[in-house]
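Structure below is data_34.pdb: PDB, C-alpha atoms, pLDDT in the B column.
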ATOM      1  CA  MET A   1     -74.379   6.133  43.423  1.00 58.00           C
ATOM      2  CA  LEU A   2     -72.162   4.765  46.191  1.00 80.00           C
ATOM      3  CA  GLY A   3     -71.932   8.055  48.095  1.00 79.00           C
ATOM      4  CA  PRO A   4     -68.606   9.566  49.202  1.00 94.00           C
ATOM      5  CA  THR A   5     -66.170   6.802  48.327  1.00 97.00           C
ATOM      6  CA  LEU A   6     -62.624   5.624  48.893  1.00 98.00           C
ATOM      7  CA  LEU A   7     -60.877   3.463  46.289  1.00 98.00           C
ATOM      8  CA  CYS A   8     -58.226   1.085  47.645  1.00 98.00           C
ATOM      9  CA  VAL A   9     -56.114  -1.036  45.285  1.00 98.00           C
ATOM     10  CA  ALA A  10     -53.083  -3.258  45.722  1.00 98.00           C
ATOM     11  CA  HIS A  11     -50.855  -1.877  42.976  1.00 97.00           C
ATOM     12  CA  PRO A  12     -50.536   1.305  40.928  1.00 96.00           C
ATOM     13  CA  GLY A  13     -52.469   0.877  37.685  1.00 94.00           C
ATOM     14  CA  HIS A  14     -55.396  -1.065  39.125  1.00 96.00           C
ATOM     15  CA  GLU A  15     -57.351   2.175  39.238  1.00 97.00           C
ATOM     16  CA  LEU A  16     -57.367   2.154  35.419  1.00 95.00           C
ATOM     17  CA  ARG A  17     -59.893  -0.683  35.438  1.00 95.00           C
ATOM     18  CA  VAL A  18     -62.416   1.898  36.650  1.00 97.00           C
ATOM     19  CA  TYR A  19     -61.015   4.996  34.945  1.00 97.00           C
ATOM     20  CA  ALA A  20     -64.364   6.476  33.882  1.00 97.00           C
ATOM     21  CA  TRP A  21     -65.882   5.795  37.282  1.00 98.00           C
ATOM     22  CA  LEU A  22     -62.958   7.663  38.861  1.00 97.00           C
ATOM     23  CA  ALA A  23     -63.687  10.701  36.724  1.00 97.00           C
ATOM     24  CA  GLY A  24     -67.347  10.664  37.700  1.00 96.00           C
ATOM     25  CA  ALA A  25     -67.196   9.676  41.370  1.00 97.00           C
ATOM     26  CA  ARG A  26     -63.877  11.377  42.214  1.00 97.00           C
ATOM     27  CA  PRO A  27     -63.048   9.123  45.162  1.00 98.00           C
ATOM     28  CA  ALA A  28     -60.034   9.442  47.376  1.00 98.00           C
ATOM     29  CA  VAL A  29     -57.532   6.789  46.258  1.00 98.00           C
ATOM     30  CA  ALA A  30     -55.268   4.553  48.348  1.00 98.00           C
ATOM     31  CA  VAL A  31     -52.624   2.219  46.893  1.00 98.00           C
ATOM     32  CA  VAL A  32     -51.000  -0.491  49.011  1.00 98.00           C
ATOM     33  CA  THR A  33     -47.677  -0.933  47.173  1.00 98.00           C
ATOM     34  CA  ASP A  34     -45.493   1.262  44.996  1.00 97.00           C
ATOM     35  CA  GLY A  35     -45.590  -1.243  42.109  1.00 95.00           C
ATOM     36  CA  SER A  36     -41.819  -1.617  42.030  1.00 94.00           C
ATOM     37  CA  GLY A  37     -41.840  -5.404  41.712  1.00 87.00           C
ATOM     38  CA  ARG A  38     -41.035  -5.760  38.008  1.00 73.00           C
ATOM     39  CA  SER A  39     -38.731  -2.837  37.365  1.00 78.00           C
ATOM     40  CA  GLY A  40     -37.516  -1.823  40.792  1.00 84.00           C
ATOM     41  CA  ARG A  41     -38.940   1.670  40.302  1.00 92.00           C
ATOM     42  CA  SER A  42     -42.089   3.118  41.795  1.00 95.00           C
ATOM     43  CA  ARG A  43     -45.161   3.399  39.563  1.00 94.00           C
ATOM     44  CA  ILE A  44     -46.894   5.819  41.939  1.00 96.00           C
ATOM     45  CA  PRO A  45     -46.104   8.857  39.710  1.00 94.00           C
ATOM     46  CA  ALA A  46     -48.225   7.312  36.926  1.00 93.00           C
ATOM     47  CA  THR A  47     -51.098   6.808  39.358  1.00 95.00           C
ATOM     48  CA  GLN A  48     -50.730  10.382  40.571  1.00 96.00           C
ATOM     49  CA  ARG A  49     -51.029  11.540  36.966  1.00 95.00           C
ATOM     50  CA  THR A  50     -54.257   9.540  36.620  1.00 96.00           C
ATOM     51  CA  LEU A  51     -55.585  11.094  39.830  1.00 97.00           C
ATOM     52  CA  ASP A  52     -54.805  14.549  38.456  1.00 97.00           C
ATOM     53  CA  GLU A  53     -56.573  13.752  35.163  1.00 95.00           C
ATOM     54  CA  THR A  54     -59.688  12.495  36.915  1.00 97.00           C
ATOM     55  CA  ALA A  55     -59.736  15.140  39.679  1.00 97.00           C
ATOM     56  CA  CYS A  56     -59.316  12.517  42.388  1.00 97.00           C
ATOM     57  CA  THR A  57     -57.422  13.053  45.632  1.00 96.00           C
ATOM     58  CA  PRO A  58     -54.880  10.849  47.428  1.00 97.00           C
ATOM     59  CA  GLY A  59     -56.256   8.759  50.272  1.00 98.00           C
ATOM     60  CA  PRO A  60     -54.483   7.748  53.478  1.00 98.00           C
ATOM     61  CA  PHE A  61     -51.566   6.114  51.634  1.00 98.00           C
ATOM     62  CA  LEU A  62     -50.042   5.859  48.164  1.00 98.00           C
ATOM     63  CA  GLY A  63     -47.419   3.143  47.937  1.00 98.00           C
ATOM     64  CA  ALA A  64     -47.260   2.373  51.648  1.00 98.00           C
ATOM     65  CA  LEU A  65     -45.115  -0.722  50.993  1.00 98.00           C
ATOM     66  CA  THR A  66     -42.672  -1.772  48.325  1.00 97.00           C
ATOM     67  CA  ASP A  67     -43.724  -4.929  46.523  1.00 97.00           C
ATOM     68  CA  ALA A  68     -40.772  -6.741  48.065  1.00 96.00           C
ATOM     69  CA  ASN A  69     -41.785  -5.722  51.588  1.00 97.00           C
ATOM     70  CA  ALA A  70     -45.387  -6.767  50.992  1.00 98.00           C
ATOM     71  CA  TYR A  71     -44.355 -10.228  49.832  1.00 97.00           C
ATOM     72  CA  ARG A  72     -41.844 -10.494  52.660  1.00 97.00           C
ATOM     73  CA  ALA A  73     -44.523  -9.729  55.238  1.00 98.00           C
ATOM     74  CA  ILE A  74     -46.926 -12.291  53.759  1.00 98.00           C
ATOM     75  CA  LEU A  75     -44.237 -14.992  53.688  1.00 98.00           C
ATOM     76  CA  ALA A  76     -43.441 -14.223  57.325  1.00 98.00           C
ATOM     77  CA  ARG A  77     -47.177 -14.334  58.220  1.00 98.00           C
ATOM     78  CA  ASP A  78     -46.630 -10.836  59.585  1.00 98.00           C
ATOM     79  CA  ALA A  79     -50.044  -9.177  59.673  1.00 98.00           C
ATOM     80  CA  GLY A  80     -48.639  -6.007  61.256  1.00 98.00           C
ATOM     81  CA  PRO A  81     -48.221  -3.894  58.093  1.00 98.00           C
ATOM     82  CA  PHE A  82     -51.689  -4.868  56.863  1.00 98.00           C
ATOM     83  CA  LEU A  83     -53.338  -4.226  60.214  1.00 98.00           C
ATOM     84  CA  ALA A  84     -51.815  -0.754  60.083  1.00 98.00           C
ATOM     85  CA  LEU A  85     -53.264  -0.177  56.605  1.00 98.00           C
ATOM     86  CA  ALA A  86     -56.736  -1.329  57.676  1.00 98.00           C
ATOM     87  CA  ASP A  87     -56.538   1.061  60.619  1.00 98.00           C
ATOM     88  CA  GLN A  88     -55.518   3.947  58.350  1.00 98.00           C
ATOM     89  CA  LEU A  89     -58.447   3.211  56.035  1.00 98.00           C
ATOM     90  CA  ALA A  90     -60.881   3.122  58.956  1.00 98.00           C
ATOM     91  CA  ARG A  91     -59.532   6.392  60.376  1.00 98.00           C
ATOM     92  CA  PHE A  92     -59.784   8.073  56.976  1.00 98.00           C
ATOM     93  CA  VAL A  93     -63.363   6.870  56.534  1.00 98.00           C
ATOM     94  CA  ARG A  94     -64.370   8.320  59.902  1.00 97.00           C
ATOM     95  CA  ALA A  95     -62.548  11.596  59.356  1.00 97.00           C
ATOM     96  CA  HIS A  96     -63.931  12.258  55.854  1.00 97.00           C
ATOM     97  CA  GLY A  97     -67.457  10.888  56.029  1.00 97.00           C
ATOM     98  CA  VAL A  98     -66.768   8.123  53.515  1.00 97.00           C
ATOM     99  CA  ARG A  99     -69.758   5.847  52.992  1.00 97.00           C
ATOM    100  CA  SER A 100     -68.179   3.033  50.961  1.00 97.00           C
ATOM    101  CA  ILE A 101     -64.856   1.493  49.964  1.00 98.00           C
ATOM    102  CA  VAL A 102     -64.279   0.086  46.472  1.00 98.00           C
ATOM    103  CA  GLY A 103     -61.282  -2.097  45.662  1.00 98.00           C
ATOM    104  CA  ASP A 104     -59.686  -5.184  44.202  1.00 98.00           C
ATOM    105  CA  ALA A 105     -61.550  -8.471  44.321  1.00 97.00           C
ATOM    106  CA  ALA A 106     -59.857 -11.585  45.702  1.00 97.00           C
ATOM    107  CA  GLU A 107     -59.233 -13.862  42.718  1.00 97.00           C
ATOM    108  CA  GLY A 108     -56.323 -16.121  43.676  1.00 97.00           C
ATOM    109  CA  PHE A 109     -54.245 -14.487  40.950  1.00 96.00           C
ATOM    110  CA  ASN A 110     -51.835 -12.493  43.105  1.00 97.00           C
ATOM    111  CA  PRO A 111     -51.486 -12.738  46.901  1.00 98.00           C
ATOM    112  CA  VAL A 112     -51.026  -8.990  47.360  1.00 98.00           C
ATOM    113  CA  HIS A 113     -54.284  -8.359  45.486  1.00 98.00           C
ATOM    114  CA  ASP A 114     -56.051 -10.802  47.802  1.00 98.00           C
ATOM    115  CA  VAL A 115     -54.510  -9.322  50.959  1.00 98.00           C
ATOM    116  CA  CYS A 116     -55.616  -5.874  49.772  1.00 98.00           C
ATOM    117  CA  ARG A 117     -59.170  -7.233  49.671  1.00 98.00           C
ATOM    118  CA  LEU A 118     -58.726  -8.569  53.226  1.00 98.00           C
ATOM    119  CA  VAL A 119     -57.544  -5.138  54.382  1.00 98.00           C
ATOM    120  CA  ILE A 120     -60.631  -3.537  52.823  1.00 98.00           C
ATOM    121  CA  ASN A 121     -62.938  -6.124  54.393  1.00 98.00           C
ATOM    122  CA  ALA A 122     -61.461  -5.453  57.826  1.00 98.00           C
ATOM    123  CA  ALA A 123     -61.784  -1.681  57.451  1.00 98.00           C
ATOM    124  CA  CYS A 124     -65.382  -1.916  56.211  1.00 97.00           C
ATOM    125  CA  ALA A 125     -66.340  -4.205  59.086  1.00 97.00           C
ATOM    126  CA  THR A 126     -64.694  -1.881  61.600  1.00 97.00           C
ATOM    127  CA  VAL A 127     -66.518   1.269  60.503  1.00 97.00           C
ATOM    128  CA  GLU A 128     -69.611  -0.396  58.972  1.00 96.00           C
ATOM    129  CA  VAL A 129     -69.574   1.173  55.508  1.00 97.00           C
ATOM    130  CA  GLY A 130     -70.456  -0.229  52.083  1.00 97.00           C
ATOM    131  CA  ASN A 131     -68.006  -2.706  50.597  1.00 97.00           C
ATOM    132  CA  TYR A 132     -67.613  -3.002  46.806  1.00 98.00           C
ATOM    133  CA  GLU A 133     -65.203  -4.650  44.400  1.00 98.00           C
ATOM    134  CA  PHE A 134     -64.179  -5.091  40.780  1.00 97.00           C
ATOM    135  CA  PRO A 135     -62.181  -7.918  39.165  1.00 95.00           C
ATOM    136  CA  LEU A 136     -58.657  -7.497  37.846  1.00 94.00           C
ATOM    137  CA  THR A 137     -58.557 -10.649  35.700  1.00 90.00           C
ATOM    138  CA  GLY A 138     -61.055 -11.843  33.157  1.00 82.00           C
ATOM    139  CA  ARG A 139     -63.511  -9.801  31.141  1.00 87.00           C
ATOM    140  CA  PRO A 140     -64.741  -6.675  32.932  1.00 90.00           C
ATOM    141  CA  ASP A 141     -68.067  -6.974  31.111  1.00 89.00           C
ATOM    142  CA  ALA A 142     -68.679 -10.393  32.695  1.00 91.00           C
ATOM    143  CA  VAL A 143     -69.442  -8.958  36.147  1.00 94.00           C
ATOM    144  CA  SER A 144     -72.972  -9.907  37.169  1.00 94.00           C
ATOM    145  CA  ASN A 145     -75.352  -7.849  39.331  1.00 96.00           C
ATOM    146  CA  PRO A 146     -73.288  -4.650  39.135  1.00 97.00           C
ATOM    147  CA  VAL A 147     -74.150  -1.630  41.244  1.00 97.00           C
ATOM    148  CA  VAL A 148     -72.121   0.518  38.828  1.00 97.00           C
ATOM    149  CA  ASP A 149     -72.380  -0.252  35.110  1.00 97.00           C
ATOM    150  CA  LEU A 150     -70.689   2.172  32.704  1.00 97.00           C
ATOM    151  CA  ARG A 151     -70.049   2.052  28.969  1.00 97.00           C
ATOM    152  CA  LEU A 152     -67.386   4.524  27.922  1.00 97.00           C
ATOM    153  CA  ASP A 153     -67.768   6.929  25.029  1.00 96.00           C
ATOM    154  CA  ASP A 154     -64.983   7.156  22.437  1.00 96.00           C
ATOM    155  CA  ASP A 155     -63.203  10.108  24.050  1.00 96.00           C
ATOM    156  CA  THR A 156     -63.159   8.634  27.569  1.00 96.00           C
ATOM    157  CA  PHE A 157     -62.123   5.233  26.237  1.00 94.00           C
ATOM    158  CA  ALA A 158     -59.212   6.758  24.308  1.00 94.00           C
ATOM    159  CA  ARG A 159     -58.017   8.528  27.461  1.00 94.00           C
ATOM    160  CA  LYS A 160     -58.284   5.298  29.432  1.00 93.00           C
ATOM    161  CA  LEU A 161     -56.177   3.314  26.950  1.00 89.00           C
ATOM    162  CA  ALA A 162     -53.620   6.122  26.724  1.00 89.00           C
ATOM    163  CA  ALA A 163     -53.302   6.198  30.508  1.00 90.00           C
ATOM    164  CA  ALA A 164     -52.690   2.442  30.582  1.00 87.00           C
ATOM    165  CA  ARG A 165     -50.179   2.385  27.747  1.00 83.00           C
ATOM    166  CA  ARG A 166     -48.081   5.303  28.959  1.00 80.00           C
ATOM    167  CA  GLU A 167     -46.886   3.186  31.889  1.00 73.00           C
ATOM    168  CA  MET A 168     -44.118   0.879  30.679  1.00 61.00           C
ATOM    169  CA  ASP A 169     -44.940  -1.953  33.081  1.00 67.00           C
ATOM    170  CA  LEU A 170     -48.619  -2.035  32.071  1.00 65.00           C
ATOM    171  CA  GLY A 171     -48.366  -1.693  28.309  1.00 61.00           C
ATOM    172  CA  VAL A 172     -47.650  -5.371  27.675  1.00 62.00           C
ATOM    173  CA  ASP A 173     -50.533  -6.457  29.920  1.00 67.00           C
ATOM    174  CA  VAL A 174     -52.912  -4.102  28.114  1.00 68.00           C
ATOM    175  CA  ASP A 175     -51.863  -5.338  24.685  1.00 67.00           C
ATOM    176  CA  GLU A 176     -52.238  -8.985  25.726  1.00 69.00           C
ATOM    177  CA  ALA A 177     -55.716  -8.407  27.140  1.00 69.00           C
ATOM    178  CA  VAL A 178     -56.820  -6.456  24.071  1.00 67.00           C
ATOM    179  CA  HIS A 179     -55.500  -9.242  21.825  1.00 67.00           C
ATOM    180  CA  ALA A 180     -57.347 -11.884  23.852  1.00 69.00           C
ATOM    181  CA  TRP A 181     -60.737 -10.150  24.050  1.00 72.00           C
ATOM    182  CA  SER A 182     -60.652  -7.041  21.822  1.00 73.00           C
ATOM    183  CA  ALA A 183     -60.369  -3.497  23.073  1.00 76.00           C
ATOM    184  CA  ASP A 184     -64.121  -2.953  23.261  1.00 83.00           C
ATOM    185  CA  VAL A 185     -64.338  -5.239  26.306  1.00 87.00           C
ATOM    186  CA  PHE A 186     -62.612  -2.489  28.288  1.00 89.00           C
ATOM    187  CA  ARG A 187     -65.231   0.068  27.356  1.00 94.00           C
ATOM    188  CA  VAL A 188     -67.284  -1.495  30.139  1.00 96.00           C
ATOM    189  CA  GLU A 189     -66.649  -0.757  33.824  1.00 97.00           C
ATOM    190  CA  ARG A 190     -68.628  -2.629  36.417  1.00 97.00           C
ATOM    191  CA  ILE A 191     -68.482  -2.600  40.202  1.00 98.00           C
ATOM    192  CA  ARG A 192     -70.363  -5.094  42.369  1.00 97.00           C
ATOM    193  CA  ALA A 193     -71.092  -5.531  46.043  1.00 97.00           C
ATOM    194  CA  ALA A 194     -68.386  -7.489  47.859  1.00 97.00           C
ATOM    195  CA  GLY A 195     -69.081 -10.258  50.324  1.00 88.00           C
ATOM    196  CA  ALA A 196     -69.430  -9.551  54.006  1.00 82.00           C
ATOM    197  CA  GLY A 197     -65.858 -10.647  54.684  1.00 91.00           C
ATOM    198  CA  GLY A 198     -64.657 -13.069  57.314  1.00 94.00           C
ATOM    199  CA  PRO A 199     -61.574 -14.870  58.626  1.00 96.00           C
ATOM    200  CA  THR A 200     -60.715 -16.202  55.158  1.00 96.00           C
ATOM    201  CA  ASP A 201     -60.231 -14.909  51.616  1.00 97.00           C
ATOM    202  CA  GLY A 202     -63.477 -16.451  50.400  1.00 96.00           C
ATOM    203  CA  LEU A 203     -61.756 -18.457  47.662  1.00 97.00           C
ATOM    204  CA  PRO A 204     -62.314 -22.154  46.870  1.00 95.00           C
ATOM    205  CA  ASP A 205     -60.322 -24.560  48.991  1.00 93.00           C
ATOM    206  CA  GLU A 206     -57.807 -25.438  46.300  1.00 94.00           C
ATOM    207  CA  PRO A 207     -54.354 -24.101  45.366  1.00 95.00           C
ATOM    208  CA  PRO A 208     -54.781 -20.650  43.772  1.00 98.00           C
ATOM    209  CA  LEU A 209     -53.007 -19.596  40.608  1.00 97.00           C
ATOM    210  CA  TYR A 210     -50.304 -17.688  42.484  1.00 98.00           C
ATOM    211  CA  GLU A 211     -49.387 -20.836  44.394  1.00 97.00           C
ATOM    212  CA  ARG A 212     -49.122 -22.971  41.255  1.00 97.00           C
ATOM    213  CA  TYR A 213     -47.095 -20.245  39.561  1.00 95.00           C
ATOM    214  CA  GLY A 214     -44.811 -20.065  42.593  1.00 96.00           C
ATOM    215  CA  GLU A 215     -44.172 -23.788  42.424  1.00 96.00           C
ATOM    216  CA  GLU A 216     -43.051 -23.436  38.805  1.00 96.00           C
ATOM    217  CA  ARG A 217     -40.750 -20.555  39.692  1.00 94.00           C
ATOM    218  CA  VAL A 218     -39.204 -22.485  42.575  1.00 95.00           C
ATOM    219  CA  ARG A 219     -38.555 -25.477  40.298  1.00 96.00           C
ATOM    220  CA  SER A 220     -36.848 -23.172  37.796  1.00 96.00           C
ATOM    221  CA  GLY A 221     -34.721 -21.613  40.533  1.00 94.00           C
ATOM    222  CA  LYS A 222     -36.304 -18.157  40.218  1.00 91.00           C
ATOM    223  CA  TYR A 223     -37.954 -18.185  43.671  1.00 91.00           C
ATOM    224  CA  PRO A 224     -36.488 -19.628  46.884  1.00 93.00           C
ATOM    225  CA  GLN A 225     -39.889 -20.402  48.428  1.00 95.00           C
ATOM    226  CA  VAL A 226     -43.520 -20.892  47.419  1.00 97.00           C
ATOM    227  CA  LEU A 227     -45.981 -18.420  48.888  1.00 98.00           C
ATOM    228  CA  ARG A 228     -48.948 -20.564  49.901  1.00 98.00           C
ATOM    229  CA  ARG A 229     -52.527 -19.613  50.624  1.00 98.00           C
ATOM    230  CA  ARG A 230     -53.079 -21.811  53.695  1.00 97.00           C
ATOM    231  CA  GLU A 231     -49.655 -21.272  55.206  1.00 98.00           C
ATOM    232  CA  HIS A 232     -49.153 -17.582  54.534  1.00 98.00           C
ATOM    233  CA  VAL A 233     -52.307 -15.722  53.423  1.00 98.00           C
ATOM    234  CA  LEU A 234     -55.017 -17.238  55.624  1.00 98.00           C
ATOM    235  CA  PRO A 235     -53.217 -16.442  58.923  1.00 98.00           C
ATOM    236  CA  ILE A 236     -53.196 -12.792  57.840  1.00 98.00           C
ATOM    237  CA  ALA A 237     -56.895 -13.046  56.963  1.00 98.00           C
ATOM    238  CA  GLU A 238     -57.641 -14.344  60.458  1.00 98.00           C
ATOM    239  CA  ALA A 239     -55.584 -11.602  62.129  1.00 98.00           C
ATOM    240  CA  LEU A 240     -57.286  -8.862  60.137  1.00 98.00           C
ATOM    241  CA  TRP A 241     -60.748 -10.191  60.870  1.00 97.00           C
ATOM    242  CA  ARG A 242     -60.014 -10.509  64.594  1.00 97.00           C
ATOM    243  CA  SER A 243     -58.950  -6.863  64.613  1.00 95.00           C
ATOM    244  CA  ALA A 244     -62.179  -5.827  62.895  1.00 93.00           C
ATOM    245  CA  ARG A 245     -64.463  -7.775  65.203  1.00 72.00           C
TER     246      ARG A 245
END

Here is the file; what I need is its structure written in the form of structure tokens.
Amino acid sequence: MLGPTLLCVAHPGHELRVYAWLAGARPAVAVVTDGSGRSGRSRIPATQRTLDETACTPGPFLGALTDANAYRAILARDAGPFLALADQLARFVRAHGVRSIVGDAAEGFNPVHDVCRLVINAACATVEVGNYEFPLTGRPDAVSNPVVDLRLDDDTFARKLAAARREMDLGVDVDEAVHAWSADVFRVERIRAAGAGGPTDGLPDEPPLYERYGEERVRSGKYPQVLRRREHVLPIAEALWRSAR
């Protein structure tokens, strides 16, 4: 439906939100970080297993940055690594005749997720291809005006849950979400058109969840510094958009 497509996500495991779509569309897949933030070990092998199961191919990068390096760059307002990723996406699109990029939506939940969306926006604006997104928080069946709307059969749904639960760092998240909404919510996969992009993340002008969470962690002594939207993320948004225009 979206033509030859590239999927770009911030962390390994995000591709599982659209597992059935992967199997049908077989996009090339790019992953910004290696997912090593919680455990210190890369989660890329689990993503590679999912790509093998769904007959997808690796895109221009899989785990280009460690989680620590991604956060370090954002805190330093260093757009360089993200400009390089946007350029790699654009080059891949041109070289492989890709017509659209699908990826994480900006939700204010995690700054790396939101910067991934900014990277996608910049690449799409540079090469003028379709720009699509899916949410990572909330109910997947709550997406309005989807351009892709799938309801998984029992066999595909079982494979999707098994793929999520086999990865140690995702199992707890899956169980919590299933407990909150019931497993059937995740039978639905929806993808919608993303906004046109711009020199901002498109979020409301209020502290996002990641900023409030960071404040709590700093007070408890777990973090030395709060990563803030205005101070750290929006300068990267501006740099990426300047490069695209």

Checklist line | Among listed residues A:Ala142, A:Leu51, A:Leu118, A:Ala46, nearest Asp104 of chain A (using only C-alpha atoms) | finding: A:Leu118

Next item on the list: Please evaluate the PyMOL selection byres ((chain A and resi 65) around 10) against the structure above and give the resulting residues as JSON, numbers by chain.
Entry: {"A": [10, 11, 31, 32, 33, 34, 35, 36, 61, 62, 63, 64, 66, 67, 68, 69, 70, 71, 73, 81, 82, 85]}

Check: So how far away is atom CA of Leu6 of chain A from atom CA of Gly130 of chain A, in Å?
Finding: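 These two atoms are separated by 10.3 Å.
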
Margin query: Could you list, as number ranges by chain, every residue matched by the PyMOL selection byres ((chain A and resi 7) around 12) in this structure?
Written below: A: 2, 4-6, 8-12, 14-19, 21-22, 25-32, 51, 56-62, 89, 92-93, 98-104, 116-117, 120, 130-134, 191

Just C-alpha atoms for this one: save the residues we selected as a PDB file, in the frame of the given file.
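Resulting contents of again.pdb:
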ATOM      1  CA  LEU A   2     -72.162   4.765  46.191  1.00 80.00           C
ATOM      2  CA  PRO A   4     -68.606   9.566  49.202  1.00 94.00           C
ATOM      3  CA  THR A   5     -66.170   6.802  48.327  1.00 97.00           C
ATOM      4  CA  LEU A   6     -62.624   5.624  48.893  1.00 98.00           C
ATOM      5  CA  CYS A   8     -58.226   1.085  47.645  1.00 98.00           C
ATOM      6  CA  VAL A   9     -56.114  -1.036  45.285  1.00 98.00           C
ATOM      7  CA  ALA A  10     -53.083  -3.258  45.722  1.00 98.00           C
ATOM      8  CA  HIS A  11     -50.855  -1.877  42.976  1.00 97.00           C
ATOM      9  CA  PRO A  12     -50.536   1.305  40.928  1.00 96.00           C
ATOM     10  CA  HIS A  14     -55.396  -1.065  39.125  1.00 96.00           C
ATOM     11  CA  GLU A  15     -57.351   2.175  39.238  1.00 97.00           C
ATOM     12  CA  LEU A  16     -57.367   2.154  35.419  1.00 95.00           C
ATOM     13  CA  ARG A  17     -59.893  -0.683  35.438  1.00 95.00           C
ATOM     14  CA  VAL A  18     -62.416   1.898  36.650  1.00 97.00           C
ATOM     15  CA  TYR A  19     -61.015   4.996  34.945  1.00 97.00           C
ATOM     16  CA  TRP A  21     -65.882   5.795  37.282  1.00 98.00           C
ATOM     17  CA  LEU A  22     -62.958   7.663  38.861  1.00 97.00           C
ATOM     18  CA  ALA A  25     -67.196   9.676  41.370  1.00 97.00           C
ATOM     19  CA  ARG A  26     -63.877  11.377  42.214  1.00 97.00           C
ATOM     20  CA  PRO A  27     -63.048   9.123  45.162  1.00 98.00           C
ATOM     21  CA  ALA A  28     -60.034   9.442  47.376  1.00 98.00           C
ATOM     22  CA  VAL A  29     -57.532   6.789  46.258  1.00 98.00           C
ATOM     23  CA  ALA A  30     -55.268   4.553  48.348  1.00 98.00           C
ATOM     24  CA  VAL A  31     -52.624   2.219  46.893  1.00 98.00           C
ATOM     25  CA  VAL A  32     -51.000  -0.491  49.011  1.00 98.00           C
ATOM     26  CA  LEU A  51     -55.585  11.094  39.830  1.00 97.00           C
ATOM     27  CA  CYS A  56     -59.316  12.517  42.388  1.00 97.00           C
ATOM     28  CA  THR A  57     -57.422  13.053  45.632  1.00 96.00           C
ATOM     29  CA  PRO A  58     -54.880  10.849  47.428  1.00 97.00           C
ATOM     30  CA  GLY A  59     -56.256   8.759  50.272  1.00 98.00           C
ATOM     31  CA  PRO A  60     -54.483   7.748  53.478  1.00 98.00           C
ATOM     32  CA  PHE A  61     -51.566   6.114  51.634  1.00 98.00           C
ATOM     33  CA  LEU A  62     -50.042   5.859  48.164  1.00 98.00           C
ATOM     34  CA  LEU A  89     -58.447   3.211  56.035  1.00 98.00           C
ATOM     35  CA  PHE A  92     -59.784   8.073  56.976  1.00 98.00           C
ATOM     36  CA  VAL A  93     -63.363   6.870  56.534  1.00 98.00           C
ATOM     37  CA  VAL A  98     -66.768   8.123  53.515  1.00 97.00           C
ATOM     38  CA  ARG A  99     -69.758   5.847  52.992  1.00 97.00           C
ATOM     39  CA  SER A 100     -68.179   3.033  50.961  1.00 97.00           C
ATOM     40  CA  ILE A 101     -64.856   1.493  49.964  1.00 98.00           C
ATOM     41  CA  VAL A 102     -64.279   0.086  46.472  1.00 98.00           C
ATOM     42  CA  GLY A 103     -61.282  -2.097  45.662  1.00 98.00           C
ATOM     43  CA  ASP A 104     -59.686  -5.184  44.202  1.00 98.00           C
ATOM     44  CA  CYS A 116     -55.616  -5.874  49.772  1.00 98.00           C
ATOM     45  CA  ARG A 117     -59.170  -7.233  49.671  1.00 98.00           C
ATOM     46  CA  ILE A 120     -60.631  -3.537  52.823  1.00 98.00           C
ATOM     47  CA  GLY A 130     -70.456  -0.229  52.083  1.00 97.00           C
ATOM     48  CA  ASN A 131     -68.006  -2.706  50.597  1.00 97.00           C
ATOM     49  CA  TYR A 132     -67.613  -3.002  46.806  1.00 98.00           C
ATOM     50  CA  GLU A 133     -65.203  -4.650  44.400  1.00 98.00           C
ATOM     51  CA  PHE A 134     -64.179  -5.091  40.780  1.00 97.00           C
ATOM     52  CA  ILE A 191     -68.482  -2.600  40.202  1.00 98.00           C
TER      53      ILE A 191
END

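For the residues A:Val188, A:Ala20, A:Leu136, A:Ala194, ranking by smallest atom-to-atom distance to Phe109 of chain A using all atoms listed in the file places A:Leu136 first.
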
Next item on the list: Find the residues around Gly214 of chain A up to 9 Å (all atoms listed in the file counted), leave out those fewer than 4 positions away in its own chain, and share them as a list in words.
Entry: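 With the cut-off at 9 Å, the set is Leu209, Tyr210, Val218, Arg219, Tyr223, Gln225, Val226, Leu227 and Arg228 of chain A.
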
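Coordinates place atom CA of Val115 of chain A at a distance of 19.2 Å from atom CA of Ile44 of chain A.
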
Check: Pick from A:Gln88, A:Ser42, A:Gln48, A:Asn121: nearest to Ala239 of chain A, with all atoms listed in the file counted?
Finding: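 Answer, going by the shortest atom-to-atom distance: A:Asn121.
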
Margin query: Excluding Leu203 of chain A and its own-chain neighbours fewer than 2 positions away, which residues fall within 10 Å of it when counting all atoms listed in the file? Please give them as a list in words.
Written below: Ala106, Glu107, Gly108, Asp114, Thr200, Asp201, Asp205, Glu206, Pro207, Pro208 and Arg229 of chain A

Notebook entry, point to check: What is the atom CA of Arg190 of chain A to atom CA of Gly24 of chain A distance in Å?
Noted result: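 So the two atoms, atom CA of Arg190 of chain A and atom CA of Gly24 of chain A, lie 13.4 Å apart.
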
Notebook entry, point to check: Out of A:Glu189, A:Glu238, A:Asp87, A:Glu231, which residue has the shortest atom-to-atom distance to Gly202 of chain A when counting only C-alpha atoms?
Noted result: A:Glu238

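Nearest-residue note for Ala84 of chain A: choosing from A:His96, A:Ala122, A:Arg72, A:Leu234, the minimum distance belongs to A:Ala122, counting only C-alpha atoms.
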
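Between Phe186 of chain A and the residues A:Arg151, A:His232, A:Arg159, A:Arg91, the shortest atom-to-atom distance, using all atoms listed in the file, involves A:Arg151.
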
Check: Can you tell me, as a ChimeraX atom specification, what residues are no more than 6 Å from Leu152 of chain A when counting all atoms listed in the file, ignoring any on the same chain fewer than 4 positions away?
Finding: /A:156-157,187

Next item on the list: Convert the output of the PyMOL selection byres ((chain A and resi 240) around 9) on the shown file into explicit residues, formatted as a ChimeraX atom specification.
Entry: /A:79,82-83,86,118-119,121-123,198-199,235-239,241-245
